[in-house]
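Source file target35.txt; content: compact mmCIF, C-alpha atoms and all ligand atoms.
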# COMPACT_ATOMS: atom_id res chain seq x y z
CA MET A 19 -104.81 -17.44 -88.94
CA ALA A 20 -108.15 -18.75 -87.76
CA ALA A 21 -109.19 -22.06 -89.36
CA VAL A 22 -112.84 -22.26 -90.43
CA LYS A 23 -115.08 -24.35 -92.66
CA MET A 24 -117.34 -23.34 -95.55
CA GLY A 25 -119.36 -26.31 -96.74
CA SER A 26 -116.88 -29.16 -97.15
CA ARG A 27 -113.84 -26.87 -97.48
CA ASP A 28 -111.32 -25.99 -94.78
CA LEU A 29 -110.25 -22.34 -94.99
CA ALA A 30 -108.29 -19.79 -93.04
CA LEU A 31 -109.29 -16.17 -92.50
CA GLY A 32 -106.77 -13.73 -93.95
CA THR A 33 -106.05 -15.67 -97.13
CA ASP A 34 -106.92 -15.11 -100.80
CA GLU A 35 -109.92 -17.42 -100.32
CA LEU A 36 -111.34 -15.67 -97.25
CA GLY A 37 -110.71 -12.05 -96.24
CA GLU A 38 -111.99 -9.67 -93.55
CA LEU A 39 -115.06 -7.50 -94.19
CA THR A 40 -114.40 -3.75 -94.22
CA ASP A 41 -115.91 -1.81 -91.31
CA SER A 42 -118.10 1.04 -92.62
CA THR A 43 -119.25 2.30 -89.19
CA PRO A 44 -117.45 5.67 -89.62
CA LEU A 45 -119.89 6.40 -92.51
CA LEU A 46 -123.01 5.67 -90.42
CA HIS A 47 -124.48 9.20 -90.58
CA ASP A 48 -123.32 10.05 -94.10
CA GLY A 49 -125.97 8.97 -96.62
CA PRO A 50 -124.03 9.66 -99.85
CA ALA A 51 -120.95 7.89 -98.46
CA LEU A 52 -123.03 4.87 -97.35
CA ARG A 53 -124.65 4.66 -100.78
CA ALA A 54 -121.30 4.92 -102.57
CA ARG A 55 -119.77 2.22 -100.33
CA LEU A 56 -122.77 -0.12 -100.79
CA ALA A 57 -122.60 0.38 -104.57
CA ASP A 58 -118.86 -0.40 -104.56
CA ASP A 59 -118.64 -3.23 -102.03
CA GLY A 60 -122.16 -4.71 -102.18
CA TYR A 61 -122.33 -4.66 -98.36
CA LEU A 62 -121.90 -2.45 -95.29
CA LEU A 63 -120.57 -3.79 -92.00
CA LEU A 64 -121.92 -1.46 -89.31
CA ARG A 65 -120.77 -2.06 -85.73
CA GLY A 66 -122.72 -1.30 -82.57
CA VAL A 67 -125.80 0.11 -84.33
CA ILE A 68 -128.29 -1.52 -81.95
CA ASP A 69 -128.06 -1.31 -78.17
CA ARG A 70 -126.16 -4.41 -77.00
CA ASP A 71 -128.27 -4.98 -73.87
CA ARG A 72 -131.46 -4.96 -75.92
CA VAL A 73 -129.97 -7.49 -78.31
CA LEU A 74 -129.00 -9.77 -75.43
CA ARG A 75 -132.50 -9.42 -73.95
CA ALA A 76 -134.04 -10.40 -77.29
CA ARG A 77 -131.64 -13.34 -77.51
CA ASN A 78 -132.88 -14.61 -74.14
CA VAL A 79 -136.49 -14.36 -75.31
CA VAL A 80 -135.69 -16.42 -78.42
CA ARG A 81 -133.77 -18.99 -76.36
CA ALA A 82 -136.61 -19.30 -73.84
CA HIS A 83 -139.02 -19.85 -76.73
CA ALA A 84 -136.69 -22.49 -78.18
CA ARG A 85 -136.51 -24.29 -74.83
CA GLU A 86 -140.31 -24.30 -74.55
CA GLN A 87 -140.43 -25.99 -77.96
CA GLY A 88 -137.90 -28.58 -76.79
CA TRP A 89 -135.22 -27.24 -79.11
CA VAL A 90 -131.64 -27.02 -77.99
CA THR A 91 -129.58 -23.85 -78.31
CA ASP A 92 -126.36 -24.13 -76.34
CA GLU A 93 -126.67 -27.02 -73.94
CA ALA A 94 -124.29 -29.97 -74.10
CA ARG A 95 -126.66 -31.76 -76.50
CA MET A 96 -125.67 -29.38 -79.28
CA ALA A 97 -122.42 -31.33 -79.48
CA GLU A 98 -124.49 -34.31 -80.61
CA GLY A 99 -125.41 -32.39 -83.72
CA VAL A 100 -128.93 -31.26 -82.84
CA ALA A 101 -130.42 -29.54 -85.87
CA GLY A 102 -131.17 -25.85 -85.90
CA GLN A 103 -134.54 -24.30 -86.63
CA PHE A 104 -135.87 -21.70 -88.96
CA LEU A 105 -138.40 -19.60 -87.04
CA GLY A 106 -139.24 -17.28 -89.92
CA GLY A 107 -142.93 -16.54 -89.79
CA LEU A 108 -143.48 -17.58 -86.18
CA PRO A 109 -144.78 -15.12 -83.57
CA ILE A 110 -141.42 -15.08 -81.81
CA SER A 111 -140.17 -12.40 -84.21
CA ARG A 112 -143.18 -10.29 -83.12
CA ASP A 113 -142.40 -10.49 -79.42
CA PRO A 114 -142.00 -6.88 -78.22
CA ALA A 115 -138.49 -7.48 -76.83
CA VAL A 116 -137.43 -9.04 -80.14
CA LEU A 117 -139.06 -6.32 -82.24
CA ASP A 118 -137.27 -3.80 -80.04
CA VAL A 119 -134.13 -5.02 -81.79
CA LEU A 120 -135.32 -6.03 -85.26
CA GLU A 121 -137.23 -2.76 -85.67
CA ALA A 122 -135.01 -0.63 -83.45
CA PRO A 123 -135.25 3.15 -84.07
CA ALA A 124 -131.51 3.02 -84.85
CA LEU A 125 -132.24 0.66 -87.77
CA PHE A 126 -135.01 2.92 -89.08
CA GLU A 127 -132.56 5.85 -88.90
CA THR A 128 -129.74 3.92 -90.56
CA PHE A 129 -131.91 2.79 -93.48
CA ALA A 130 -133.53 6.22 -93.87
CA THR A 131 -130.00 7.66 -94.11
CA LEU A 132 -128.93 4.98 -96.55
CA LEU A 133 -132.04 5.16 -98.76
CA ASP A 134 -132.44 8.93 -98.35
CA GLU A 135 -136.15 8.77 -97.48
CA PRO A 136 -138.52 7.26 -94.91
CA VAL A 137 -138.37 3.47 -94.90
CA LEU A 138 -140.50 0.44 -94.12
CA THR A 139 -139.49 -3.02 -93.01
CA PHE A 140 -141.31 -6.26 -93.88
CA PRO A 141 -143.39 -7.63 -90.98
CA TYR A 142 -142.10 -11.06 -92.00
CA LYS A 143 -138.70 -11.75 -90.42
CA TRP A 144 -136.31 -14.60 -91.08
CA MET A 145 -135.24 -15.74 -87.61
CA ARG A 146 -132.70 -18.57 -87.64
CA LEU A 147 -131.23 -20.91 -85.07
CA VAL A 148 -128.28 -22.44 -86.90
CA GLY A 149 -127.20 -25.69 -85.28
CA ARG A 150 -123.85 -27.44 -85.06
CA LYS A 151 -122.35 -28.38 -88.44
CA GLU A 152 -125.02 -26.36 -90.27
CA PHE A 153 -124.39 -23.54 -92.73
CA THR A 154 -126.19 -21.55 -95.42
CA GLY A 155 -125.29 -22.21 -99.05
CA ALA A 156 -124.37 -19.41 -101.46
CA HIS A 157 -127.31 -17.44 -102.90
CA ILE A 158 -128.61 -13.97 -103.66
CA ASP A 159 -131.78 -12.63 -102.06
CA HIS A 160 -133.28 -11.33 -105.32
CA VAL A 161 -134.56 -14.84 -106.15
CA TYR A 162 -136.73 -14.79 -103.00
CA MET A 163 -138.13 -11.24 -102.91
CA SER A 164 -137.93 -9.36 -106.20
CA ARG A 165 -141.58 -8.35 -106.61
CA GLY A 166 -141.48 -4.95 -104.94
CA SER A 167 -138.98 -2.13 -104.59
CA SER A 168 -135.74 -2.42 -106.57
CA ARG A 169 -134.07 -0.74 -103.57
CA LEU A 170 -134.94 -3.52 -101.12
CA THR A 171 -131.97 -4.17 -98.83
CA THR A 172 -131.16 -6.89 -96.30
CA ALA A 173 -129.93 -6.36 -92.74
CA TRP A 174 -128.42 -9.47 -91.16
CA VAL A 175 -128.75 -9.02 -87.43
CA PRO A 176 -126.88 -11.42 -85.12
CA LEU A 177 -128.74 -11.90 -81.83
CA GLY A 178 -125.61 -12.21 -79.72
CA ASP A 179 -121.89 -12.37 -80.32
CA VAL A 180 -120.99 -14.61 -83.26
CA PRO A 181 -117.37 -15.81 -83.23
CA LEU A 182 -116.01 -17.41 -86.41
CA GLU A 183 -116.68 -20.95 -85.16
CA GLN A 184 -120.39 -20.15 -84.79
CA GLY A 185 -120.77 -19.67 -88.55
CA PRO A 186 -121.19 -15.94 -89.26
CA LEU A 187 -122.40 -14.67 -92.63
CA ALA A 188 -119.86 -14.22 -95.44
CA ILE A 189 -120.14 -11.94 -98.47
CA CYS A 190 -118.79 -12.69 -101.94
CA VAL A 191 -117.32 -9.23 -102.49
CA GLY A 192 -117.75 -8.06 -106.10
CA SER A 193 -120.52 -10.55 -106.88
CA HIS A 194 -123.15 -7.79 -107.29
CA ARG A 195 -121.25 -5.94 -110.02
CA LEU A 196 -118.24 -7.75 -111.53
CA PRO A 197 -118.67 -8.40 -115.28
CA ALA A 198 -117.91 -12.10 -114.74
CA PHE A 199 -121.19 -12.38 -112.79
CA GLU A 200 -123.34 -10.87 -115.57
CA LYS A 201 -124.63 -14.16 -116.95
CA LEU A 202 -125.27 -15.48 -113.44
CA HIS A 203 -127.46 -12.44 -112.69
CA ALA A 204 -129.27 -12.67 -116.05
CA THR A 205 -130.21 -16.33 -115.42
CA TYR A 206 -130.13 -17.51 -111.81
CA GLY A 207 -130.35 -13.94 -110.47
CA ASP A 208 -133.66 -13.30 -112.24
CA VAL A 209 -135.33 -16.46 -110.94
CA ASP A 210 -138.46 -15.99 -108.82
CA VAL A 211 -138.53 -19.16 -106.70
CA ASP A 212 -142.35 -19.18 -106.36
CA ARG A 213 -143.07 -18.44 -110.03
CA ASP A 214 -140.37 -20.65 -111.52
CA LEU A 215 -140.37 -23.38 -108.84
CA ILE A 216 -136.60 -23.42 -108.72
CA ASP A 217 -134.89 -23.89 -105.38
CA GLY A 218 -133.00 -20.72 -104.44
CA ILE A 219 -129.59 -21.86 -103.20
CA PHE A 220 -127.00 -21.41 -105.97
CA THR A 221 -124.50 -23.87 -104.52
CA LEU A 222 -123.64 -25.64 -101.26
CA ASP A 223 -119.98 -25.18 -102.16
CA PRO A 224 -119.51 -21.39 -101.83
CA LEU A 225 -115.86 -21.58 -102.95
CA GLU A 226 -117.11 -22.80 -106.31
CA VAL A 227 -118.52 -19.29 -106.87
CA THR A 228 -115.20 -17.50 -106.44
CA GLU A 229 -113.32 -20.21 -108.35
CA THR A 230 -115.73 -19.95 -111.31
CA PHE A 231 -116.76 -16.29 -111.42
CA GLY A 232 -114.27 -14.39 -109.25
CA GLY A 233 -114.89 -12.07 -106.31
CA ARG A 234 -113.63 -12.90 -102.82
CA TRP A 235 -115.39 -14.33 -99.79
CA CYS A 236 -115.04 -12.11 -96.74
CA THR A 237 -116.38 -12.47 -93.22
CA SER A 238 -115.82 -11.25 -89.68
CA THR A 239 -116.58 -11.99 -86.09
CA PHE A 240 -119.71 -10.14 -84.95
CA GLU A 241 -120.83 -8.69 -81.65
CA ALA A 242 -124.38 -8.16 -80.40
CA GLY A 243 -125.50 -4.83 -81.88
CA ASP A 244 -123.59 -5.16 -85.19
CA VAL A 245 -125.48 -5.27 -88.48
CA LEU A 246 -124.43 -6.49 -91.91
CA VAL A 247 -126.30 -4.75 -94.75
CA PHE A 248 -126.23 -6.00 -98.34
CA THR A 249 -127.98 -5.71 -101.69
CA MET A 250 -130.40 -8.13 -103.31
CA ARG A 251 -127.68 -8.95 -105.88
CA THR A 252 -124.88 -9.66 -103.41
CA MET A 253 -123.98 -13.35 -103.18
CA HIS A 254 -123.69 -14.49 -99.58
CA ALA A 255 -123.39 -17.70 -97.57
CA SER A 256 -122.34 -18.57 -94.06
CA LEU A 257 -119.37 -20.28 -92.52
CA ASN A 258 -120.16 -23.63 -90.90
CA ASN A 259 -121.16 -23.59 -87.26
CA THR A 260 -118.46 -25.85 -85.81
CA SER A 261 -119.13 -24.81 -82.21
CA ASP A 262 -121.44 -26.50 -79.73
CA ARG A 263 -123.69 -23.41 -79.55
CA CYS A 264 -126.53 -22.39 -81.74
CA ARG A 265 -125.99 -19.28 -83.86
CA ILE A 266 -129.07 -17.05 -83.48
CA SER A 267 -129.64 -14.34 -86.08
CA CYS A 268 -132.39 -12.72 -88.07
CA ASP A 269 -132.56 -11.31 -91.61
CA VAL A 270 -134.63 -8.13 -91.72
CA ARG A 271 -135.59 -6.37 -94.95
CA TRP A 272 -135.83 -2.61 -95.58
CA GLN A 273 -136.99 -0.43 -98.47
CA PRO A 274 -138.29 3.08 -99.21
CA ALA A 275 -141.79 3.41 -97.68
CA SER A 276 -142.98 5.13 -100.88
CA GLU A 277 -142.29 2.11 -103.12
CA PRO A 278 -144.35 -1.06 -103.63
CA ALA A 279 -143.53 -4.02 -101.38
CA ASP A 280 -143.34 -7.72 -102.37
CA GLU A 281 -146.79 -9.09 -101.44
CA ARG A 282 -145.35 -12.30 -99.99
CA TRP A 283 -143.76 -10.58 -96.99
CA VAL A 284 -146.19 -7.87 -95.88
CA GLY A 285 -149.64 -7.65 -94.24
CA GLU A 286 -151.05 -9.24 -91.11
CA ASN A 287 -150.46 -12.81 -92.33
CA PRO A 288 -147.76 -12.70 -95.01
CA LEU A 289 -148.22 -15.26 -97.80
CA GLY A 290 -144.65 -16.51 -97.66
CA HIS A 291 -143.23 -18.86 -100.30
CA TYR A 292 -146.58 -20.14 -101.56
CA GLY A 293 -144.97 -21.76 -104.63
CA LEU A 294 -141.77 -23.19 -103.26
CA HIS A 295 -143.54 -24.67 -100.23
CA SER A 296 -146.66 -25.83 -102.11
CA GLY A 297 -145.54 -29.43 -102.39
CA LYS A 298 -145.30 -29.04 -106.18
CA ARG A 299 -142.20 -30.40 -107.85
CA PHE A 300 -139.49 -27.80 -108.06
CA ILE A 301 -136.16 -28.14 -109.75
CA SER A 302 -132.80 -27.64 -108.16
CA VAL A 303 -130.58 -24.75 -109.14
CA ALA A 304 -128.03 -27.44 -110.15
CA GLU A 305 -130.49 -28.73 -112.79
CA ALA A 306 -131.35 -25.19 -113.92
CA ARG A 307 -127.66 -24.36 -114.19
CA ARG A 308 -127.20 -27.19 -116.68
CA ARG A 309 -129.97 -25.60 -118.79
CA TRP A 310 -128.39 -22.16 -118.50
CA ASP A 311 -124.93 -23.61 -119.21
CA LEU A 312 -123.71 -21.80 -116.11
O1 LIG B 1 -128.05 -16.41 -91.53
C1 LIG B 1 -127.85 -17.13 -92.50
O2 LIG B 1 -127.17 -18.18 -92.43
C2 LIG B 1 -128.41 -16.75 -93.84
C3 LIG B 1 -128.87 -15.33 -93.90
C4 LIG B 1 -129.29 -14.91 -95.27
O3 LIG B 1 -129.24 -15.64 -96.22
C5 LIG B 1 -129.75 -13.53 -95.46
O4 LIG B 1 -129.66 -12.71 -94.53
O5 LIG B 1 -130.23 -13.22 -96.58

If you convert what's in this file into structure tokens, what do you get?
Amino acid sequence: MAAVKMGSRDLALGTDELGELTDSTPLLHDGPALRARLADDGYLLLRGVIDRDRVLRARNVVRAHAREQGWVTDEARMAEGVAGQFLGGLPISRDPAVLDVLEAPALFETFATLLDEPVLTFPYKWMRLVGRKEFTGAHIDHVYMSRGSSRLTTAWVPLGDVPLEQGPLAICVGSHRLPAFEKLHATYGDVDVDRDLIDGIFTLDPLEVTETFGGRWCTSTFEAGDVLVFTMRTMHASLNNTSDRCRISCDVRWQPASEPADERWVGENPLGHYGLHSGKRFISVAEARRRWDL
């Protein structure tokens, strides 16, 4: 059993605390089956959707950009604990070789099949270089982007192979629909971080979620070309990157083209988190949870 870390906890894959994600690739061309699986599981693990060589080309473009900025991705210095970078709104996600992956025709087809109509993707992308010892705390995406289509869906796209020690994404299976999560969704889940000025991460101790509300954390190793799709109400986090390489990945959002889009993430110069990043005082989810008695 592979030993991994989530926040401050040591875990092993293949235990009650951390299982393997189910592979839904056989359903790739079957819209009703994809929709039923997403409704049941809250996520879809789809292998080899994007051409591997294109993904590796895009990875090299991102790494070259990082080197130009003086950031470290997988050189020996990573072992010293060099911090990762969030490249969200930067032009690097608009580089043609990178867009070739993040807006690959195969992704348009997959989401059109899933959503059963033509789709659009936000021009804003969430490109991440996750450094050694870093990880993403548990959260749902609804708190960051709930102002448009209710069918908005996330695709987590690793730019390269991501072994367990590089901190892949993990899904809290059941978190989008189990009755024990109802109060969490009615309070925390309905936060709008820019309107309410509440930080969006539910907890930096993902195991606390399953211990308190139920569900089960599941993850997997990923290969370049794989995609992990999940709903706005699916709690997710990442394993810690314990390797001496940067994990490079991007979150890309998709929705029906016919439905309104959240104004923060579309247009030539997307607004972004104008409230959360305004310098105004915002409260932590921990403080809000005391108010919600959650
Ligand atoms: O890549 C990560 O660590 C976080 C990704 C994420 O939160 C998302 O795709 O919504």

Non-local contacts of Glu281 (chain A) (10 Å; all atoms listed in the file; under 3 positions in same chain excluded) as a PDB file with C-alpha atoms, in the coordinates of the input:
ATOM      1  CA  PHE A 140    -141.310  -6.260 -93.880  1.00  0.00           C
ATOM      2  CA  MET A 163    -138.130 -11.240-102.910  1.00  0.00           C
ATOM      3  CA  ARG A 165    -141.580  -8.350-106.610  1.00  0.00           C
ATOM      4  CA  GLY A 166    -141.480  -4.950-104.940  1.00  0.00           C
ATOM      5  CA  PRO A 278    -144.350  -1.060-103.630  1.00  0.00           C
ATOM      6  CA  VAL A 284    -146.190  -7.870 -95.880  1.00  0.00           C
ATOM      7  CA  GLY A 285    -149.640  -7.650 -94.240  1.00  0.00           C
ATOM      8  CA  PRO A 288    -147.760 -12.700 -95.010  1.00  0.00           C
ATOM      9  CA  LEU A 289    -148.220 -15.260 -97.800  1.00  0.00           C
ATOM     10  CA  GLY A 290    -144.650 -16.510 -97.660  1.00  0.00           C
TER      11      GLY A 290
END

query: Within 10 Å of ligand LIG 1 (chain B), counting only C-alpha atoms and all ligand atoms: which residues, as a PyMOL selection string?
result: chain A and resi 104+143-148+152-160+162+171-176+185-188+219+246-250+252-259+265-271

message: Need to verify the contact set: region 300-305 of chain A, 10 Å, only C-alpha atoms, exclusion of same-chain residues closer than 3 positions in sequence. Can you return it as a PyMOL selection string?
response: chain A and resi 206+209+211-212+214-221+293-297+308-312

- request: Find the residues near Leu63 (chain A): any atom within 8 Å, counting all atoms listed in the file, skip ones fewer than 3 places away on the same chain, and give them as a PyMOL selection string.
  value: chain A and resi 39-43+244-247

message: Just to confirm, what's the straight-line distance from CA of Ala124 (chain A) to CA of Pro50 (chain A) in Å (one decimal)?
response: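 Between CA of Ala124 (chain A) and CA of Pro50 (chain A) the gap works out to 18.0 Å.
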
query: From the list A:Leu138, A:Val116, A:Leu125, A:Ala306, which residue is nearest Leu74 (chain A) when using all atoms listed in the file?
result: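 Closest to Leu74 (chain A), using all atoms listed in the file: A:Val116.
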
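Of the listed residues A:Thr139, A:Gln184, A:Ser26, A:Asn287, the one whose atoms come nearest to Cys264 (chain A) is A:Gln184, with distances taken using all atoms listed in the file.
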
- prompt: In terms of the shortest atom-to-atom distance over all atoms listed in the file, which of A:Ile68, A:Val191, A:Val79, A:Leu133 is closest to Gly49 (chain A)?
  reply: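 Answer, going by the shortest atom-to-atom distance: A:Leu133.
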
- prompt: Suppose you want the space between CA of Leu202 (chain A) and CA of Cys236 (chain A); what is it in Å?
  reply: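 According to the coordinates, CA of Leu202 (chain A) and CA of Cys236 (chain A) are separated by 19.9 Å.
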